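What follows is a short report on a single structure.
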Amino acid sequence: MDSRSAEILREILSSSGWVERTREFGLTLRATRSPGGLLVVGTPGEEPWHLAAHLGDEARLAGLPQLAPTLVRWAPAPDAPEHLRVGLDRIERARRGETLFVVAEERAPAPLLERVSDARRVGATVLALDGGDPELEGLAHDALAVTERAPLSFDGAQHLISLAAGETGRRPGLRDRLARLLERVSGPRVPSY
């Protein structure tokens with residue numbers, strides 16, 4: 001799904017509450033303090049590499065290095081590129097200021113739930129995008145469940161979250177307001193030739 005398709009999906013879902021909820025979730029992802037501190041993990045059967053790639057794109061385009069994810073894999077190949085060799089032991093090293101984002105359409109297996117619990121205990125923020133897993137949602141600080149009755153697919157929710165995470169619509173700060181005031185007071189800049 002490209003960004004235009006995601007925007008169309010947003011328009012379709014505008015009255016459902018899903019757009020606002022995915023925006024809130026995206027903002028929470030941005031609270032990660034450091035580059036590489038957003039850990040994205042799935043289940044043994046479904047690694048969220050596609051979502052990680054979109055988050056990486058959004059991080060680059062929005063100038064938000066803390067949004068650049070670390071894809072945590074269940075069984076990384078030893079000869080894989082460095083960014084694809086991050087194993088579950090990285091979750092064990094999670095710390096305060098980092099975010100563990102669990103993406104699991106199916107129920108999360110017990111070994112993952114144990115690691116998630118440990119990461120939460122040491123201060124990492126735990127977020128979950130799931131298909132309605134009460135155990136995982138109970139461990140998460142914030143969770144978004146995409147059940148069978150949801151008006152969008154699990155894949156669609158991932159696209160809306162990554163798009164929302166990269167949005168930089170911010171309120172103008174003091175410098176921005178002062179610059180506009182100075183421009184009004186001093187008049188337009190006229191280049192001299």
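Naming scheme: A, B, ... for chains in displayed order of the structure tokens; residues 1 onward per chain; ligands 1 onward as shown.
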
Distance query A:Leu71 at most 8 Å, only C-alpha atoms, self and fewer than 5 positions along chain excluded, as a compact mmCIF listing (two decimals) with all heavy atoms, in the first residue's frame:
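Done, and the output landed in selection32.txt:
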```txt
# COMPACT_ATOMS: atom_id res chain seq x y z
N LEU A 39 12.11 -0.95 19.24
CA LEU A 39 12.27 -2.37 18.93
C LEU A 39 10.95 -2.91 18.42
O LEU A 39 9.93 -2.83 19.10
CB LEU A 39 12.69 -3.14 20.19
CG LEU A 39 13.87 -2.55 20.99
CD1 LEU A 39 14.10 -3.36 22.25
CD2 LEU A 39 15.11 -2.49 20.13
N VAL A 40 10.95 -3.46 17.22
CA VAL A 40 9.74 -3.99 16.60
C VAL A 40 9.89 -5.50 16.49
O VAL A 40 10.85 -5.99 15.87
CB VAL A 40 9.51 -3.36 15.21
CG1 VAL A 40 8.24 -3.91 14.58
CG2 VAL A 40 9.42 -1.84 15.31
N VAL A 41 8.96 -6.24 17.09
CA VAL A 41 9.04 -7.70 17.08
C VAL A 41 7.67 -8.29 16.76
O VAL A 41 6.65 -7.71 17.09
CB VAL A 41 9.56 -8.23 18.44
CG1 VAL A 41 8.58 -7.95 19.57
CG2 VAL A 41 9.90 -9.72 18.37
N PRO A 48 7.36 -8.58 11.44
CA PRO A 48 6.80 -7.35 10.86
C PRO A 48 7.83 -6.53 10.08
O PRO A 48 8.00 -5.34 10.30
CB PRO A 48 6.31 -6.60 12.10
CG PRO A 48 7.23 -7.03 13.18
CD PRO A 48 7.57 -8.46 12.88
N TRP A 49 8.51 -7.17 9.15
CA TRP A 49 9.55 -6.48 8.38
C TRP A 49 8.96 -5.36 7.53
O TRP A 49 9.57 -4.31 7.33
CB TRP A 49 10.33 -7.47 7.51
CG TRP A 49 9.48 -8.20 6.52
CD1 TRP A 49 8.87 -9.40 6.69
CD2 TRP A 49 9.12 -7.75 5.21
NE1 TRP A 49 8.13 -9.73 5.58
CE2 TRP A 49 8.28 -8.72 4.64
CE3 TRP A 49 9.41 -6.62 4.46
CZ2 TRP A 49 7.73 -8.61 3.37
CZ3 TRP A 49 8.87 -6.50 3.19
CH2 TRP A 49 8.04 -7.50 2.66
N ALA A 52 8.33 -2.40 9.74
CA ALA A 52 9.63 -1.83 10.10
C ALA A 52 10.19 -1.00 8.93
O ALA A 52 10.74 0.09 9.14
CB ALA A 52 10.60 -2.93 10.50
N HIS A 83 21.65 -5.23 10.15
CA HIS A 83 20.34 -4.78 10.61
C HIS A 83 19.30 -5.90 10.63
O HIS A 83 18.23 -5.74 11.21
CB HIS A 83 19.84 -3.60 9.78
CG HIS A 83 19.48 -3.94 8.37
ND1 HIS A 83 20.41 -4.20 7.40
CD2 HIS A 83 18.27 -4.08 7.79
CE1 HIS A 83 19.79 -4.47 6.27
NE2 HIS A 83 18.49 -4.41 6.48
N LEU A 84 19.62 -7.05 10.03
CA LEU A 84 18.71 -8.20 10.04
C LEU A 84 19.21 -9.32 10.96
O LEU A 84 18.66 -10.42 10.95
CB LEU A 84 18.51 -8.73 8.61
CG LEU A 84 17.83 -7.77 7.65
CD1 LEU A 84 17.76 -8.38 6.25
CD2 LEU A 84 16.45 -7.38 8.13
N VAL A 86 19.49 -8.92 14.35
CA VAL A 86 19.13 -8.61 15.73
C VAL A 86 18.16 -9.67 16.24
O VAL A 86 17.08 -9.85 15.68
CB VAL A 86 18.48 -7.21 15.82
CG1 VAL A 86 18.08 -6.88 17.26
CG2 VAL A 86 19.42 -6.15 15.26
```

Problem set entry | A:Arg21 environment, 10 Å, only C-alpha atoms, sequence neighbours closer than 6 positions dropped, as number ranges by chain | A: 27, 144, 160-161, 164

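For stretch 69-188 of chain A, a DSSP pass over the backbone yields strand (DSSP E) at Pro69, Thr70, Leu71, Val72, Thr99, Leu100, Phe101, Val102, Val103, Ala104, Thr125, Val126, Leu127, Ala128, Leu129, Asp130, Asp142, Ala143, Leu144 and Ala145 of chain A.
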
For this session: Determine which residues of stretch 10-80 of chain A DSSP labels as helix (DSSP H, G or I) from the backbone of this structure, then write them out as a PyMOL selection string.
Result: chain A and resi 10-12+18-29+49-62+65-67

With N, CA, C and O atoms retained, could you export that selection as a compact mmCIF listing (two decimals), in the first residue's frame?
```
# COMPACT_ATOMS: atom_id res chain seq x y z
N ARG A 10 -7.66 6.43 5.12
CA ARG A 10 -7.98 7.39 6.18
C ARG A 10 -9.29 8.11 5.91
O ARG A 10 -10.10 8.30 6.82
N GLU A 11 -9.50 8.54 4.67
CA GLU A 11 -10.74 9.22 4.31
C GLU A 11 -11.95 8.31 4.54
O GLU A 11 -12.97 8.74 5.06
N ILE A 12 -11.82 7.06 4.13
CA ILE A 12 -12.92 6.10 4.28
C ILE A 12 -13.24 5.88 5.76
O ILE A 12 -14.40 5.77 6.14
N TRP A 18 -10.95 5.24 14.01
CA TRP A 18 -9.68 4.56 13.77
C TRP A 18 -8.56 5.52 13.38
O TRP A 18 -7.41 5.31 13.74
N VAL A 19 -8.88 6.57 12.67
CA VAL A 19 -7.85 7.53 12.26
C VAL A 19 -7.26 8.21 13.49
O VAL A 19 -6.04 8.29 13.64
N GLU A 20 -8.10 8.68 14.39
CA GLU A 20 -7.62 9.32 15.61
C GLU A 20 -6.82 8.35 16.46
O GLU A 20 -5.80 8.70 17.01
N ARG A 21 -7.32 7.14 16.57
CA ARG A 21 -6.65 6.15 17.41
C ARG A 21 -5.27 5.79 16.85
O ARG A 21 -4.31 5.67 17.59
N THR A 22 -5.16 5.64 15.53
CA THR A 22 -3.84 5.33 14.95
C THR A 22 -2.91 6.54 15.05
O THR A 22 -1.70 6.37 15.21
N ARG A 23 -3.46 7.75 14.99
CA ARG A 23 -2.62 8.95 15.18
C ARG A 23 -2.06 8.99 16.60
O ARG A 23 -0.90 9.30 16.81
N GLU A 24 -2.91 8.72 17.58
CA GLU A 24 -2.45 8.69 18.97
C GLU A 24 -1.36 7.63 19.15
O GLU A 24 -0.34 7.86 19.81
N PHE A 25 -1.58 6.48 18.54
CA PHE A 25 -0.62 5.38 18.64
C PHE A 25 0.70 5.78 17.97
O PHE A 25 1.77 5.52 18.50
N GLY A 26 0.61 6.42 16.82
CA GLY A 26 1.81 6.88 16.11
C GLY A 26 2.61 7.87 16.94
O GLY A 26 3.84 7.83 16.97
N LEU A 27 1.91 8.78 17.63
CA LEU A 27 2.60 9.74 18.49
C LEU A 27 3.31 9.03 19.64
O LEU A 27 4.40 9.43 20.04
N THR A 28 2.69 8.00 20.16
CA THR A 28 3.32 7.24 21.24
C THR A 28 4.60 6.57 20.75
O THR A 28 5.59 6.52 21.47
N LEU A 29 4.61 6.08 19.52
CA LEU A 29 5.82 5.48 18.96
C LEU A 29 6.95 6.50 18.90
O LEU A 29 8.12 6.17 19.10
N TRP A 49 8.51 -7.17 9.15
CA TRP A 49 9.55 -6.48 8.38
C TRP A 49 8.96 -5.36 7.53
O TRP A 49 9.57 -4.31 7.33
N HIS A 50 7.74 -5.57 7.02
CA HIS A 50 7.11 -4.56 6.17
C HIS A 50 6.81 -3.29 6.96
O HIS A 50 7.08 -2.17 6.51
N LEU A 51 6.27 -3.44 8.17
CA LEU A 51 6.00 -2.30 9.04
C LEU A 51 7.30 -1.62 9.42
O LEU A 51 7.40 -0.39 9.42
N ALA A 52 8.33 -2.40 9.74
CA ALA A 52 9.63 -1.83 10.10
C ALA A 52 10.19 -1.00 8.93
O ALA A 52 10.74 0.09 9.14
N ALA A 53 10.02 -1.48 7.72
CA ALA A 53 10.51 -0.74 6.55
C ALA A 53 9.75 0.58 6.41
O ALA A 53 10.36 1.63 6.14
N HIS A 54 8.45 0.56 6.60
CA HIS A 54 7.66 1.80 6.51
C HIS A 54 8.05 2.78 7.62
O HIS A 54 8.15 3.98 7.38
N LEU A 55 8.25 2.28 8.83
CA LEU A 55 8.67 3.16 9.92
C LEU A 55 10.04 3.77 9.62
O LEU A 55 10.28 4.94 9.90
N GLY A 56 10.93 2.99 9.03
CA GLY A 56 12.24 3.50 8.64
C GLY A 56 12.11 4.61 7.60
O GLY A 56 12.80 5.64 7.69
N ASP A 57 11.23 4.41 6.62
CA ASP A 57 10.99 5.45 5.61
C ASP A 57 10.44 6.71 6.25
O ASP A 57 10.88 7.83 5.95
N GLU A 58 9.47 6.55 7.13
CA GLU A 58 8.86 7.71 7.79
C GLU A 58 9.89 8.44 8.66
O GLU A 58 9.90 9.67 8.70
N ALA A 59 10.75 7.69 9.33
CA ALA A 59 11.79 8.31 10.15
C ALA A 59 12.70 9.17 9.30
O ALA A 59 13.04 10.30 9.66
N ARG A 60 13.09 8.65 8.17
CA ARG A 60 13.99 9.36 7.26
C ARG A 60 13.31 10.60 6.67
O ARG A 60 13.86 11.69 6.68
N LEU A 61 12.10 10.44 6.17
CA LEU A 61 11.38 11.54 5.53
C LEU A 61 11.00 12.65 6.50
O LEU A 61 10.99 13.83 6.14
N ALA A 62 10.67 12.29 7.73
CA ALA A 62 10.24 13.27 8.72
C ALA A 62 11.41 13.82 9.55
O ALA A 62 11.21 14.72 10.36
N PRO A 65 14.96 10.56 13.82
CA PRO A 65 15.82 9.37 13.96
C PRO A 65 15.36 8.39 15.03
O PRO A 65 15.62 7.19 14.93
N GLN A 66 14.66 8.87 16.06
CA GLN A 66 14.19 7.96 17.10
C GLN A 66 13.10 7.02 16.60
O GLN A 66 12.80 6.02 17.23
N LEU A 67 12.52 7.32 15.45
CA LEU A 67 11.47 6.48 14.87
C LEU A 67 12.05 5.35 14.02
O LEU A 67 11.35 4.42 13.67
```

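Atom CA of A:Thr32 is positioned 10.8 Å from atom CA of A:Val126.
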